[in-house]
Each structure stands twice: as structure tokens, then as C-alpha cells.
file final-v4.tsv (TSV, C-alpha atoms and all ligand atoms)
chain	number	residue	atom	x	y	z
W	1	MET	CA	0.00	0.00	0.00
W	2	GLN	CA	1.43	3.43	-0.93
W	3	LYS	CA	2.04	5.79	1.93
W	4	LEU	CA	0.27	9.12	2.34
W	5	ALA	CA	2.02	12.35	3.34
W	6	ASN	CA	2.95	12.57	7.03
W	7	ARG	CA	1.79	16.17	7.26
W	8	LEU	CA	-1.82	15.02	6.86
W	9	GLU	CA	-1.69	14.01	10.52
W	10	ARG	CA	-1.52	17.71	11.33
W	11	LEU	CA	-4.40	18.80	9.11
W	12	GLY	CA	-7.53	19.84	11.01
W	13	THR	CA	-10.79	20.97	9.47
W	14	GLU	CA	-13.87	23.05	10.03
W	15	THR	CA	-15.82	20.46	12.00
W	16	ALA	CA	-18.93	22.65	11.92
W	17	PHE	CA	-19.56	20.93	8.59
W	18	SER	CA	-19.84	17.57	10.40
W	19	VAL	CA	-22.56	19.08	12.61
W	20	ALA	CA	-24.33	20.10	9.41
W	21	GLN	CA	-24.12	16.51	8.21
W	22	ALA	CA	-25.54	15.16	11.48
W	23	ALA	CA	-28.38	17.68	11.26
W	24	ALA	CA	-29.09	16.70	7.64
W	25	ALA	CA	-29.13	13.01	8.58
W	26	TRP	CA	-31.55	13.73	11.44
W	27	LYS	CA	-33.77	15.70	9.06
W	28	ALA	CA	-33.66	12.93	6.44
W	29	LYS	CA	-35.23	10.63	9.04
W	30	GLY	CA	-38.29	12.89	8.99
W	31	ASN	CA	-37.41	15.08	11.99
W	32	ARG	CA	-37.74	18.84	12.22
W	33	VAL	CA	-34.36	20.60	12.47
W	34	TYR	CA	-33.67	24.16	13.64
W	35	PRO	CA	-30.29	25.02	12.08
W	36	PHE	CA	-28.11	27.12	14.36
W	37	HIS	CA	-24.87	25.38	13.33
W	38	LEU	CA	-23.39	27.11	10.24
W	39	GLY	CA	-22.39	30.72	9.80
W	40	ASP	CA	-24.17	30.76	6.46
W	41	ILE	CA	-26.83	33.29	5.55
W	42	ASN	CA	-30.33	32.34	4.38
W	43	ILE	CA	-30.91	35.81	2.92
W	44	PRO	CA	-30.40	35.82	-0.86
W	45	MET	CA	-27.65	37.78	-2.56
W	46	ALA	CA	-29.07	41.19	-3.62
W	47	PRO	CA	-30.71	41.22	-7.11
W	48	HIS	CA	-28.38	43.91	-8.49
W	49	ILE	CA	-25.36	41.71	-7.63
W	50	VAL	CA	-27.00	38.65	-9.22
W	51	GLU	CA	-27.68	40.73	-12.33
W	52	ALA	CA	-24.08	41.92	-12.50
W	53	MET	CA	-22.85	38.33	-12.28
W	54	ASN	CA	-25.23	37.17	-15.00
W	55	ARG	CA	-24.28	40.12	-17.19
W	56	ALA	CA	-20.60	39.35	-16.78
W	57	ILE	CA	-21.18	35.76	-17.90
W	58	ALA	CA	-23.27	36.95	-20.87
W	59	ASP	CA	-20.57	39.46	-21.76
W	60	GLY	CA	-18.02	36.68	-21.90
W	61	TYR	CA	-16.00	37.29	-18.71
W	62	THR	CA	-15.55	33.56	-18.36
W	63	GLY	CA	-11.89	33.08	-19.19
W	64	TYR	CA	-8.72	33.42	-17.11
W	65	CYS	CA	-7.90	36.81	-15.68
W	66	PRO	CA	-4.93	38.25	-13.73
W	67	GLY	CA	-3.78	36.19	-10.70
W	68	PRO	CA	-4.17	39.00	-8.13
W	69	GLY	CA	-7.60	39.99	-9.51
W	70	ILE	CA	-8.98	42.25	-12.22
W	71	PRO	CA	-7.66	45.82	-11.89
W	72	GLN	CA	-11.16	47.32	-11.60
W	73	LEU	CA	-11.99	45.16	-8.57
W	74	ARG	CA	-8.62	45.73	-6.93
W	75	GLU	CA	-9.16	49.44	-7.32
W	76	ALA	CA	-12.70	49.31	-5.88
W	77	LEU	CA	-11.48	47.20	-2.94
W	78	ALA	CA	-8.50	49.46	-2.20
W	79	GLU	CA	-10.81	52.45	-2.17
W	80	ASP	CA	-13.62	50.90	-0.09
W	81	ILE	CA	-11.48	49.07	2.45
W	82	GLY	CA	-9.20	52.10	2.87
W	83	ALA	CA	-12.08	54.58	3.28
W	84	ARG	CA	-13.81	52.47	5.94
W	85	ARG	CA	-10.62	52.19	7.96
W	86	GLY	CA	-9.28	55.71	7.54
W	87	MET	CA	-6.35	54.32	5.54
W	88	GLU	CA	-4.96	54.59	2.04
W	89	PHE	CA	-4.29	51.56	-0.10
W	90	SER	CA	-3.16	51.17	-3.67
W	91	PRO	CA	-4.72	48.45	-5.85
W	92	ASP	CA	-1.27	46.82	-5.65
W	93	ASN	CA	-1.90	46.11	-1.96
W	94	VAL	CA	-4.98	44.04	-2.86
W	95	VAL	CA	-4.86	40.36	-3.82
W	96	VAL	CA	-8.25	38.93	-4.77
W	97	MET	CA	-8.94	35.37	-3.64
W	98	THR	CA	-11.74	32.83	-3.49
W	99	GLY	CA	-13.15	34.08	-0.19
W	100	GLY	CA	-11.47	35.10	3.03
W	101	LYS	CA	-10.33	31.64	4.03
W	102	PRO	CA	-7.43	31.36	1.54
W	103	VAL	CA	-5.97	34.55	3.00
W	104	ILE	CA	-5.22	32.60	6.20
W	105	THR	CA	-3.22	29.92	4.39
W	106	LYS	CA	-1.41	32.33	2.12
W	107	PHE	CA	-0.53	34.63	5.00
W	108	LEU	CA	1.04	31.69	6.84
W	109	GLN	CA	2.81	30.47	3.70
W	110	ALA	CA	4.27	33.94	3.27
W	111	VAL	CA	5.46	34.66	6.82
W	112	MET	CA	5.93	31.34	8.66
W	113	ASP	CA	8.66	28.75	8.25
W	114	PRO	CA	8.23	25.23	9.64
W	115	GLY	CA	9.14	25.24	13.34
W	116	GLN	CA	8.05	28.84	13.91
W	117	GLU	CA	5.25	29.82	16.26
W	118	VAL	CA	2.06	31.70	15.52
W	119	ILE	CA	-0.20	32.98	18.30
W	120	TYR	CA	-3.92	32.60	17.56
W	121	PRO	CA	-7.30	33.04	19.28
W	122	ASN	CA	-8.86	29.99	20.90
W	123	PRO	CA	-11.79	29.48	20.77
W	124	GLY	CA	-11.43	30.88	17.27
W	125	PHE	CA	-11.99	30.13	13.60
W	126	PRO	CA	-10.67	26.53	13.45
W	127	ILE	CA	-8.72	26.99	10.24
W	128	TYR	CA	-6.05	29.06	12.04
W	129	GLU	CA	-4.96	26.14	14.20
W	130	SER	CA	-5.31	23.64	11.36
W	131	GLN	CA	-3.25	25.60	8.83
W	132	ILE	CA	-0.50	26.68	11.24
W	133	GLU	CA	0.12	23.05	12.15
W	134	TYR	CA	-0.37	21.67	8.65
W	135	LEU	CA	2.29	24.04	7.36
W	136	GLY	CA	4.69	22.82	10.03
W	137	GLY	CA	4.40	25.65	12.52
W	138	THR	CA	3.44	25.56	16.18
W	139	ALA	CA	-0.02	26.92	16.99
W	140	VAL	CA	0.15	28.81	20.30
W	141	PRO	CA	-3.35	29.63	21.56
W	142	TYR	CA	-4.50	32.69	23.48
W	143	ARG	CA	-7.77	32.69	25.37
W	144	TYR	CA	-10.57	35.08	26.19
W	145	VAL	CA	-11.93	35.77	29.64
W	146	PRO	CA	-15.61	36.49	30.31
W	147	THR	CA	-16.48	40.09	31.25
W	148	GLU	CA	-19.76	41.90	32.08
W	149	SER	CA	-20.29	42.81	28.44
W	150	GLY	CA	-18.86	39.73	26.69
W	151	PHE	CA	-15.26	38.57	26.50
W	152	ALA	CA	-11.80	40.12	26.60
W	153	ILE	CA	-8.47	38.81	25.30
W	154	ASP	CA	-6.16	37.53	28.04
W	155	LEU	CA	-3.40	40.01	27.18
W	156	ASP	CA	-1.05	38.62	29.84
W	157	GLN	CA	-1.26	35.27	28.14
W	158	VAL	CA	-0.55	36.79	24.73
W	159	ARG	CA	2.45	38.60	26.19
W	160	ALA	CA	3.75	35.48	27.94
W	161	SER	CA	3.33	33.38	24.79
W	162	ILE	CA	5.72	35.43	22.66
W	163	THR	CA	9.13	33.80	22.21
W	164	PRO	CA	12.07	34.56	19.87
W	165	ASN	CA	10.51	31.93	17.62
W	166	THR	CA	7.17	33.73	17.26
W	167	THR	CA	6.57	35.15	13.81
W	168	ALA	CA	2.93	36.30	13.86
W	169	ILE	CA	-0.25	36.98	15.80
W	170	ILE	CA	-3.66	36.23	14.39
W	171	TYR	CA	-6.21	38.74	15.60
W	172	ASN	CA	-9.96	38.50	14.93
W	173	ASP	CA	-11.79	41.53	16.22
W	174	LEU	CA	-15.57	40.94	15.95
W	175	GLN	CA	-14.81	37.37	16.69
W	176	ASN	CA	-16.17	34.03	15.53
W	177	PRO	CA	-17.35	32.07	17.54
W	178	ILE	CA	-17.63	34.21	20.64
W	179	SER	CA	-18.59	37.61	19.17
W	180	ALA	CA	-15.92	39.32	21.27
W	181	GLU	CA	-15.10	42.89	20.36
W	182	SER	CA	-11.91	44.67	21.36
W	183	THR	CA	-11.90	47.96	23.19
W	184	ALA	CA	-9.53	50.53	21.67
W	185	ALA	CA	-7.13	49.79	24.55
W	186	GLU	CA	-7.12	46.08	23.82
W	187	ARG	CA	-6.46	46.66	20.12
W	188	GLU	CA	-3.63	49.05	20.98
W	189	ALA	CA	-2.12	46.54	23.40
W	190	ILE	CA	-2.01	43.84	20.70
W	191	ALA	CA	-0.50	46.33	18.25
W	192	GLN	CA	2.08	47.37	20.83
W	193	LEU	CA	3.16	43.76	21.37
W	194	ALA	CA	3.42	43.18	17.63
W	195	ILE	CA	5.61	46.25	17.19
W	196	GLU	CA	7.76	45.55	20.26
W	197	HIS	CA	8.50	41.99	19.11
W	198	ASP	CA	8.52	42.78	15.38
W	199	LEU	CA	5.70	40.37	14.51
W	200	TRP	CA	3.41	40.07	11.52
W	201	VAL	CA	-0.33	40.39	12.21
W	202	LEU	CA	-3.18	38.75	10.36
W	203	SER	CA	-6.23	40.88	11.07
W	204	ASP	CA	-9.24	38.74	10.25
W	205	GLU	CA	-11.92	41.33	9.46
W	206	ALA	CA	-14.57	38.96	8.10
W	207	TYR	CA	-17.26	40.61	10.29
W	208	PHE	CA	-15.99	44.21	10.13
W	209	GLU	CA	-19.30	45.38	8.71
W	210	THR	CA	-21.58	42.89	10.46
W	211	ARG	CA	-22.12	45.29	13.29
W	212	TYR	CA	-25.34	46.55	14.89
W	213	GLU	CA	-24.04	49.37	17.10
W	214	GLY	CA	-20.94	51.55	16.92
W	215	VAL	CA	-18.19	51.70	14.31
W	216	SER	CA	-15.50	49.10	13.60
W	217	SER	CA	-11.80	49.99	13.66
W	218	SER	CA	-8.91	48.11	12.15
W	219	ILE	CA	-5.71	47.32	14.00
W	220	ALA	CA	-3.98	48.02	10.65
W	221	ALA	CA	-4.84	51.73	11.03
W	222	LEU	CA	-2.84	52.12	14.26
W	223	PRO	CA	0.60	53.78	13.99
W	224	GLY	CA	3.32	51.38	12.89
W	225	MET	CA	0.85	48.65	11.94
W	226	ALA	CA	0.14	49.07	8.21
W	227	GLU	CA	3.57	47.71	7.30
W	228	ARG	CA	3.15	44.54	9.39
W	229	THR	CA	-0.56	43.77	8.99
W	230	VAL	CA	-2.43	41.71	6.43
W	231	ILE	CA	-6.18	42.34	6.42
W	232	LEU	CA	-8.51	39.46	5.60
W	233	TYR	CA	-11.52	40.90	3.77
W	234	THR	CA	-14.47	38.91	2.46
W	235	PHE	CA	-17.71	39.51	0.55
W	236	SER	CA	-19.22	36.43	2.25
W	237	LYS	CA	-20.87	37.90	5.33
W	238	LYS	CA	-21.40	41.54	4.35
W	239	PHE	CA	-23.09	40.83	1.01
W	240	ALA	CA	-24.54	37.35	1.70
W	241	MET	CA	-22.13	35.94	-0.90
W	242	THR	CA	-20.80	32.95	1.06
W	243	GLY	CA	-21.06	30.54	-1.88
W	244	SER	CA	-19.77	32.96	-4.50
W	245	ARG	CA	-16.30	32.68	-2.93
W	246	LEU	CA	-14.89	36.17	-3.16
W	247	GLY	CA	-12.53	37.95	-0.80
W	248	CYS	CA	-9.09	39.45	-0.68
W	249	ALA	CA	-5.95	40.16	1.30
W	250	VAL	CA	-4.88	43.74	1.78
W	251	ALA	CA	-1.21	43.54	2.50
W	252	PRO	CA	2.08	45.45	2.47
W	253	LEU	CA	3.44	45.40	-1.11
W	254	GLU	CA	6.10	42.74	-0.48
W	255	ILE	CA	3.55	40.33	1.02
W	256	ALA	CA	0.94	41.17	-1.63
W	257	GLN	CA	3.40	40.17	-4.35
W	258	ILE	CA	4.15	36.87	-2.62
W	259	MET	CA	0.46	36.15	-2.12
W	260	SER	CA	-0.22	36.93	-5.74
W	261	LYS	CA	2.47	34.44	-6.79
W	262	LEU	CA	0.99	31.83	-4.44
W	263	ASN	CA	-2.44	32.50	-5.97
W	264	THR	CA	-1.06	31.88	-9.45
W	265	ASN	CA	0.42	28.60	-8.23
W	266	ASP	CA	-2.76	27.38	-6.52
W	267	GLU	CA	-5.67	28.74	-8.45
W	268	SER	CA	-4.46	30.76	-11.45
W	269	CYS	CA	-7.12	33.34	-10.67
W	270	THR	CA	-10.40	33.90	-8.85
W	271	THR	CA	-13.56	33.23	-10.89
W	272	HIS	CA	-13.60	36.03	-13.44
W	273	TYR	CA	-17.35	36.88	-13.62
W	274	VAL	CA	-17.72	36.76	-9.82
W	275	GLN	CA	-15.21	39.60	-9.62
W	276	TRP	CA	-17.52	41.83	-11.70
W	277	ALA	CA	-20.32	41.03	-9.26
W	278	GLY	CA	-17.93	42.11	-6.51
W	279	ILE	CA	-17.49	45.53	-8.12
W	280	GLU	CA	-21.27	45.93	-8.23
W	281	ALA	CA	-21.53	44.88	-4.57
W	282	LEU	CA	-19.01	47.56	-3.57
W	283	ARG	CA	-20.13	50.35	-5.88
W	284	GLY	CA	-23.86	49.64	-6.34
W	285	PRO	CA	-26.78	50.29	-3.95
W	286	GLN	CA	-25.90	49.65	-0.29
W	287	GLU	CA	-29.48	49.44	1.07
W	288	PRO	CA	-29.54	45.60	0.95
W	289	VAL	CA	-26.57	45.55	3.37
W	290	GLN	CA	-28.49	47.61	5.93
W	291	GLN	CA	-31.68	45.61	5.33
W	292	MET	CA	-29.82	42.41	6.08
W	293	LEU	CA	-28.33	43.90	9.24
W	294	ASP	CA	-31.82	44.93	10.38
W	295	VAL	CA	-33.07	41.35	9.92
W	296	LEU	CA	-30.04	39.92	11.73
W	297	LYS	CA	-30.46	42.37	14.59
W	298	GLU	CA	-34.07	41.34	15.07
W	299	ARG	CA	-33.00	37.69	15.13
W	300	ARG	CA	-30.25	38.49	17.63
W	301	ASP	CA	-32.71	40.20	19.98
W	302	VAL	CA	-35.17	37.32	19.86
W	303	ALA	CA	-32.43	34.71	20.29
W	304	CYS	CA	-30.76	36.54	23.21
W	305	GLU	CA	-34.03	37.00	25.05
W	306	ILE	CA	-34.95	33.33	24.88
W	307	VAL	CA	-31.42	32.08	25.60
W	308	ASN	CA	-31.23	34.27	28.70
W	309	SER	CA	-34.58	32.94	29.90
W	310	ILE	CA	-33.21	29.36	30.00
W	311	PRO	CA	-32.37	28.43	33.58
W	312	GLY	CA	-28.60	28.20	34.05
W	313	VAL	CA	-27.75	29.80	30.69
W	314	HIS	CA	-26.37	33.26	30.13
W	315	VAL	CA	-25.13	35.30	27.18
W	316	ALA	CA	-24.20	39.00	26.86
W	317	VAL	CA	-25.92	40.72	23.91
W	318	PRO	CA	-23.24	41.02	21.19
W	319	GLN	CA	-23.04	44.15	19.02
W	320	SER	CA	-21.54	42.38	16.03
W	321	THR	CA	-21.30	39.10	14.06
W	322	PHE	CA	-24.24	36.69	14.03
W	323	TYR	CA	-23.22	34.30	16.78
W	324	LEU	CA	-24.19	33.79	20.39
W	325	PHE	CA	-21.75	31.92	22.60
W	326	PRO	CA	-23.69	31.14	25.77
W	327	ASP	CA	-22.18	29.51	28.83
W	328	VAL	CA	-24.22	26.33	29.36
W	329	THR	CA	-22.18	24.86	32.22
W	330	GLU	CA	-24.95	25.10	34.80
W	331	ALA	CA	-27.69	23.96	32.46
W	332	MET	CA	-25.61	20.89	31.60
W	333	GLU	CA	-25.01	20.12	35.27
W	334	ARG	CA	-28.71	20.45	36.08
W	335	LYS	CA	-29.51	17.92	33.36
W	336	GLY	CA	-26.64	15.59	34.21
W	337	PHE	CA	-24.51	16.01	31.07
W	338	THR	CA	-20.76	15.64	31.45
W	339	THR	CA	-19.66	16.55	27.93
W	340	VAL	CA	-20.92	19.35	25.73
W	341	GLY	CA	-20.95	16.93	22.79
W	342	GLU	CA	-23.53	14.72	24.54
W	343	PHE	CA	-25.49	17.84	25.37
W	344	ALA	CA	-25.53	18.87	21.67
W	345	THR	CA	-26.60	15.42	20.50
W	346	ALA	CA	-29.39	15.30	23.07
W	347	ALA	CA	-30.51	18.78	22.02
W	348	LEU	CA	-30.71	17.70	18.38
W	349	GLU	CA	-32.52	14.46	19.13
W	350	ASN	CA	-34.97	15.87	21.67
W	351	THR	CA	-35.67	19.32	20.26
W	352	GLY	CA	-34.29	19.43	16.70
W	353	VAL	CA	-32.00	22.34	17.63
W	354	SER	CA	-28.62	21.89	15.94
W	355	PHE	CA	-25.56	23.87	17.01
W	356	CYS	CA	-21.78	23.75	17.30
W	357	THR	CA	-20.03	23.64	20.63
W	358	ARG	CA	-16.80	25.14	21.95
W	359	GLU	CA	-15.03	21.96	20.82
W	360	HIS	CA	-15.48	22.95	17.15
W	361	PHE	CA	-13.29	26.04	17.54
W	362	GLY	CA	-9.81	24.87	18.41
W	363	ARG	CA	-8.50	22.45	21.00
W	364	ARG	CA	-9.69	22.86	24.58
W	365	LEU	CA	-7.04	24.59	26.70
W	366	PRO	CA	-5.65	23.36	30.03
W	367	GLY	CA	-7.65	24.72	32.97
W	368	GLU	CA	-10.69	25.49	30.86
W	369	GLU	CA	-13.74	24.44	32.84
W	370	ARG	CA	-16.78	26.26	31.49
W	371	GLN	CA	-18.88	24.77	28.69
W	372	TYR	CA	-20.11	26.83	25.77
W	373	ILE	CA	-22.20	26.34	22.67
W	374	ARG	CA	-22.34	28.51	19.54
W	375	LEU	CA	-25.71	29.50	18.13
W	376	ALA	CA	-25.53	31.04	14.64
W	377	TYR	CA	-28.71	32.98	13.84
W	378	SER	CA	-27.79	33.92	10.26
W	379	GLY	CA	-29.40	30.89	8.63
W	380	ILE	CA	-32.74	30.65	10.42
W	381	GLU	CA	-35.91	32.76	10.33
W	382	THR	CA	-37.05	34.67	13.42
W	383	ALA	CA	-40.18	32.52	13.84
W	384	ASP	CA	-38.05	29.36	13.78
W	385	ILE	CA	-35.56	30.89	16.23
W	386	ARG	CA	-38.48	31.47	18.59
W	387	GLU	CA	-39.83	27.96	18.12
W	388	GLY	CA	-36.48	26.14	18.19
W	389	LEU	CA	-34.98	27.95	21.16
W	390	GLY	CA	-38.36	27.70	22.91
W	391	ARG	CA	-38.09	23.94	22.57
W	392	LEU	CA	-34.50	24.00	23.78
W	393	ARG	CA	-35.61	25.97	26.83
W	401	LIG	N1	-12.72	34.28	9.17
W	401	LIG	C1	-13.73	34.09	10.04
W	401	LIG	C2	-13.58	34.57	11.42
W	401	LIG	C3	-14.88	33.41	9.63
W	401	LIG	O1	-15.87	33.20	10.50
W	401	LIG	C4	-14.97	32.95	8.28
W	401	LIG	C5	-16.14	32.20	7.83
W	401	LIG	O2	-17.00	31.77	8.56
W	401	LIG	C6	-13.89	33.19	7.43
W	401	LIG	C7	-12.77	33.85	7.91
W	401	LIG	C8	-13.88	32.72	6.01
W	401	LIG	O3	-14.88	33.29	5.26
W	401	LIG	P1	-15.01	33.05	3.70
W	401	LIG	O4	-13.94	32.14	3.26
W	401	LIG	O5	-16.38	32.50	3.48
W	401	LIG	O6	-14.87	34.38	3.11
call {"tool": "encode", "arguments": {"input": "final-v4.tsv", "output": "C-alpha cells"}}
result
Amino acid sequence: MQKLANRLERLGTETAFSVAQAAAAWKAKGNRVYPFHLGDINIPMAPHIVEAMNRAIADGYTGYCPGPGIPQLREALAEDIGARRGMEFSPDNVVVMTGGKPVITKFLQAVMDPGQEVIYPNPGFPIYESQIEYLGGTAVPYRYVPTESGFAIDLDQVRASITPNTTAIIYNDLQNPISAESTAAEREAIAQLAIEHDLWVLSDEAYFETRYEGVSSSIAALPGMAERTVILYTFSKKFAMTGSRLGCAVAPLEIAQIMSKLNTNDESCTTHYVQWAGIEALRGPQEPVQQMLDVLKERRDVACEIVNSIPGVHVAVPQSTFYLFPDVTEAMERKGFTTVGEFATAALENTGVSFCTREHFGRRLPGEERQYIRLAYSGIETADIREGLGRLR
């Protein structure tokens, strides 16, 4: 039997998709399922974006195009991303990719050698841990601590984790799965550490515009940060374009050139006609973005109210993303569950409510005792949120 590559032992995955499979199997048996598991959006892409995509196909934009993206889209992205962050970018800083996810891999390929360490949020988007380790690095987690209004980064832990072998910090303000948001002081503290230790920063800004109150700020805009920060930008969440696979890196020129070369190696280019739809999304009517946020906010309010009425469950009301990350430790104890996985299976089989748990977002850290679940309310109607979470209660 031929042998497979050793590095596969280090490859993780986004296990949320296995929860989706379990939910689909439960549904196929004739059961009602309330899907709170995937961060997908059940609101259709806006008609003007659909039209632009169709028009681009009809106009023949179906062949190869430049590896880093078509110039018109790079220009629109540089302008939009810069304006919303109070920064200035040239189209040369922008490398278009098939969504935000490839930015993580390409960032690591560009800045990390095997054996180096990268500090990343845990719980966090699971692909950070998977890709750091797959590419031969060491994934060094930092945790969040609960506060009155949500969660805060354990800055002492970040500080203590930095060694001469550390090459980068991954930072995800407006965080998946826990919906944590940095204060200005927290953002500045992370920036300060990066500068002091001369580290690269990947700023995952997938939810920068999925915000109900206040204004988002980028760590890249802080003094001394533009030259060491790569921004992950995606059309997925802001424009309900998850399946269209369109995003980009905004990076210092040297890194942008490397990422562009990596893109050419991996994918040649991002789907040509989808890029024209991206221009329309950025430059066309913006009302659908606000309409979607209004719908999501209503869902958030309904979900938070019911979740907080469940005995032994508590969640702070997040101002961004579309996830709730309630602490279910007491509720589990009351019902005699010892693992959050058993709790999730019982919830699916007894109530039809399907969700991910803390275990889907990076390995559990030593000393971690509380149990959490993640409820995504982006893919489920308000009436079903009410019904499903009512049953869970
Ligand atoms: N980063 C975070 C924090 C996410 O939650 C996601 C998707 O859920 C991504 C990146 C990747 O998004 P996409 O590849 O769909 O653009």
C-alpha cells in the first residue's frame, strides 16, 4: 500500500460541517431541524449583484484573468477598504482570492517557516490552528476571559506566549465564535506587542461590517501597523455571498506580491465573472446591506431574550457578528450532562436544535472548565428561532 504524506496528521478541518451533516441526517429521518450550526446566511444575494454576475457571464467574462484579480476590482477594494478604515491603499496592496479563508493559508505560507510559532485566538476560527500546524508551525493559543459585556483577550497570556521563535499573531476583532469585540485599549495593546516583538499580524476582518451598534476599527490603522498587517476581507458575510467565494488580502506590497504568486500557483485566478459582481456589490446600492443587518439584529434580539430565559444559561448581547456563545455549564449540570458533545446530541434528538459547541473552535485549553455552545442565527428565520430555542428551553 502506498504511503500518504505525514503532514496530513496535522491537518484539522472546520468540524462545523460535520454538525451540518448530522443535522441533515436527522432531518432525512423525517425530523424537524432548527439550524443554528453554520455561519451561512439564508438571505439571498441582492438582485443587483446577481444581475451583475449574469451580465458578466453573458458578456463573456468567463476566461482566465490576472492572478491577483482584475484591476477594476482591486481598485474598488483598495478604495472601499481604505475609506472604511481611515487608511490609504493602492490596488497593488490588494490580492483577490476565493473568499477570506485562503488569506489565512497564504498569509502563513508567506510569513511562517516550519518550526516557527504563531499565536492565535482559541476558541477561534478553526482553520487558524489547522493551517499553522499543517504548514509545520506551532499553533500557540491565546484565550478570552468572560467580562460583564462579553469577553476580553487575556493580554497577559498573549504577552507570555511570545518567544524569539514567534513570527505572527492572528487577531480576529468581531470574533467568531464568541462575538468578542476589542476595546480601543485592547487593540492598541495587541499592536504594541506586535511592534515591540517585530511580529506580523493577520487581522481577520470577516465581520468588520456585520455590526449593529458603533463603528468598527482596524488594527492596521494604528501607527506602525500598516507595514506589518495583512487584512482578511471577504464579501461572504457583508453581502450574503458565502457561496460565490470572493474575498481578498490587503497587504504590504512585499507580502501582496508573494500572495499573488501563491495564488497563481494554486488557483491561477479567482472566478472572473464573480469579480464583476464584486465591483457591483461595492459600488452599487448599499441598502440591501443595511436591510440584512436589520433582519439579523431582530434575530439576535429574539435569540438573546430566549437564551437568557433558559435556567442556568447566560449570554451578553453582542453588538456584532451573528453568533451567540452562551455559557451552558450550569444547564448541563442540572440535566446531568458531562460533555458538551452529549449535550448537543441530546438537544438535536430531543428538540431538533442543531448547534456547534466550543469543541469545534480549536483544542480545549488546560484549565478550561466552562462549557459553551455557539448559536448562529444567520441561517434561520425569526419565527423558527423562537420555536427552536423555545423547545430547547
Ligand atoms: N474568518 C472568520 C472569522 C470566519 O468566520 C470565516 C467564515 O466563517 C472566514 C474567515 C472565512 O470566510 P469566507 O472564506 O467564506 O470568506
call {"tool": "residues_near_ligand", "arguments": {"input": "final-v4.tsv", "ligand": "ligand LIG 401 (chain W)", "cutoff": "7 Å", "atoms": "only C-alpha atoms and all ligand atoms", "output": "mmCIF file with C-alpha atoms, in the frame of the given file"}}
result
data_model
loop_
_atom_site.group_PDB
_atom_site.id
_atom_site.type_symbol
_atom_site.label_atom_id
_atom_site.label_comp_id
_atom_site.auth_asym_id
_atom_site.auth_seq_id
_atom_site.Cartn_x
_atom_site.Cartn_y
_atom_site.Cartn_z
ATOM 1 C CA GLY W 39 -22.390 30.720 9.800
ATOM 2 C CA GLY W 99 -13.150 34.080 -0.190
ATOM 3 C CA GLY W 100 -11.470 35.100 3.030
ATOM 4 C CA LYS W 101 -10.330 31.640 4.030
ATOM 5 C CA PRO W 102 -7.430 31.360 1.540
ATOM 6 C CA PHE W 125 -11.990 30.130 13.600
ATOM 7 C CA ASN W 172 -9.960 38.500 14.930
ATOM 8 C CA GLN W 175 -14.810 37.370 16.690
ATOM 9 C CA ASN W 176 -16.170 34.030 15.530
ATOM 10 C CA ASP W 204 -9.240 38.740 10.250
ATOM 11 C CA ALA W 206 -14.570 38.960 8.100
ATOM 12 C CA THR W 234 -14.470 38.910 2.460
ATOM 13 C CA PHE W 235 -17.710 39.510 0.550
ATOM 14 C CA SER W 236 -19.220 36.430 2.250
ATOM 15 C CA THR W 242 -20.800 32.950 1.060
ATOM 16 C CA ARG W 245 -16.300 32.680 -2.930
ATOM 17 C CA LEU W 246 -14.890 36.170 -3.160
ATOM 18 C CA GLY W 247 -12.530 37.950 -0.800
#
call {"tool": "atom_distance", "arguments": {"input": "final-v4.tsv", "atom1": "CA of Glu88 (chain W)", "atom2": "CA of His48 (chain W)"}}
result
27.8 Å
call {"tool": "residues_around", "arguments": {"input": "final-v4.tsv", "residues": "region 287-297 of chain W", "least_positions_apart": "4", "cutoff": "9 Å", "atoms": "all atoms listed in the file", "output": "PDB file with C-alpha atoms, in the frame of the given file"}}
result
ATOM      1  CA  ILE W  43     -30.910  35.810   2.920  1.00  0.00           C
ATOM      2  CA  MET W  45     -27.650  37.780  -2.560  1.00  0.00           C
ATOM      3  CA  ALA W  46     -29.070  41.190  -3.620  1.00  0.00           C
ATOM      4  CA  THR W 210     -21.580  42.890  10.460  1.00  0.00           C
ATOM      5  CA  ARG W 211     -22.120  45.290  13.290  1.00  0.00           C
ATOM      6  CA  TYR W 212     -25.340  46.550  14.890  1.00  0.00           C
ATOM      7  CA  LYS W 238     -21.400  41.540   4.350  1.00  0.00           C
ATOM      8  CA  PHE W 239     -23.090  40.830   1.010  1.00  0.00           C
ATOM      9  CA  ALA W 240     -24.540  37.350   1.700  1.00  0.00           C
ATOM     10  CA  ASP W 301     -32.710  40.200  19.980  1.00  0.00           C
ATOM     11  CA  VAL W 302     -35.170  37.320  19.860  1.00  0.00           C
ATOM     12  CA  GLN W 319     -23.040  44.150  19.020  1.00  0.00           C
ATOM     13  CA  PHE W 322     -24.240  36.690  14.030  1.00  0.00           C
ATOM     14  CA  TYR W 377     -28.710  32.980  13.840  1.00  0.00           C
ATOM     15  CA  SER W 378     -27.790  33.920  10.260  1.00  0.00           C
ATOM     16  CA  THR W 382     -37.050  34.670  13.420  1.00  0.00           C
TER      17      THR W 382
END
call {"tool": "closest_residue", "arguments": {"input": "final-v4.tsv", "among": "W:Ile169, W:Val103, W:Leu11, W:Ala220", "to": "Pro126 (chain W)", "atoms": "all atoms listed in the file"}}
result
W:Leu11
call {"tool": "residues_around", "arguments": {"input": "final-v4.tsv", "residues": "Gly150 (chain W)", "least_positions_apart": "4", "cutoff": "7 Å", "atoms": "all atoms listed in the file", "output": "list in words"}}
result
Pro146, Ala180 and Ala316 of chain W
call {"tool": "closest_residue", "arguments": {"input": "final-v4.tsv", "among": "W:Gly137, W:Gly367, W:Gly224, W:Pro71", "to": "Thr166 (chain W)", "atoms": "all atoms listed in the file"}}
result
W:Gly137
call {"tool": "atom_distance", "arguments": {"input": "final-v4.tsv", "atom1": "CA of Glu333 (chain W)", "atom2": "CA of Gly352 (chain W)"}}
result
20.8 Å
call {"tool": "closest_residue", "arguments": {"input": "final-v4.tsv", "among": "W:Ile373, W:Leu365, W:Leu324, W:Glu205", "to": "Phe343 (chain W)", "atoms": "all atoms listed in the file"}}
result
W:Ile373
call {"tool": "residues_around", "arguments": {"input": "final-v4.tsv", "residues": "Gly379 (chain W)", "least_positions_apart": "2", "cutoff": "6 Å", "atoms": "all atoms listed in the file", "output": "JSON, numbers by chain"}}
result
{"W": [40, 41, 42, 377]}
call {"tool": "atom_distance", "arguments": {"input": "final-v4.tsv", "atom1": "CA of Leu232 (chain W)", "atom2": "CA of Asp198 (chain W)"}}
result
19.9 Å
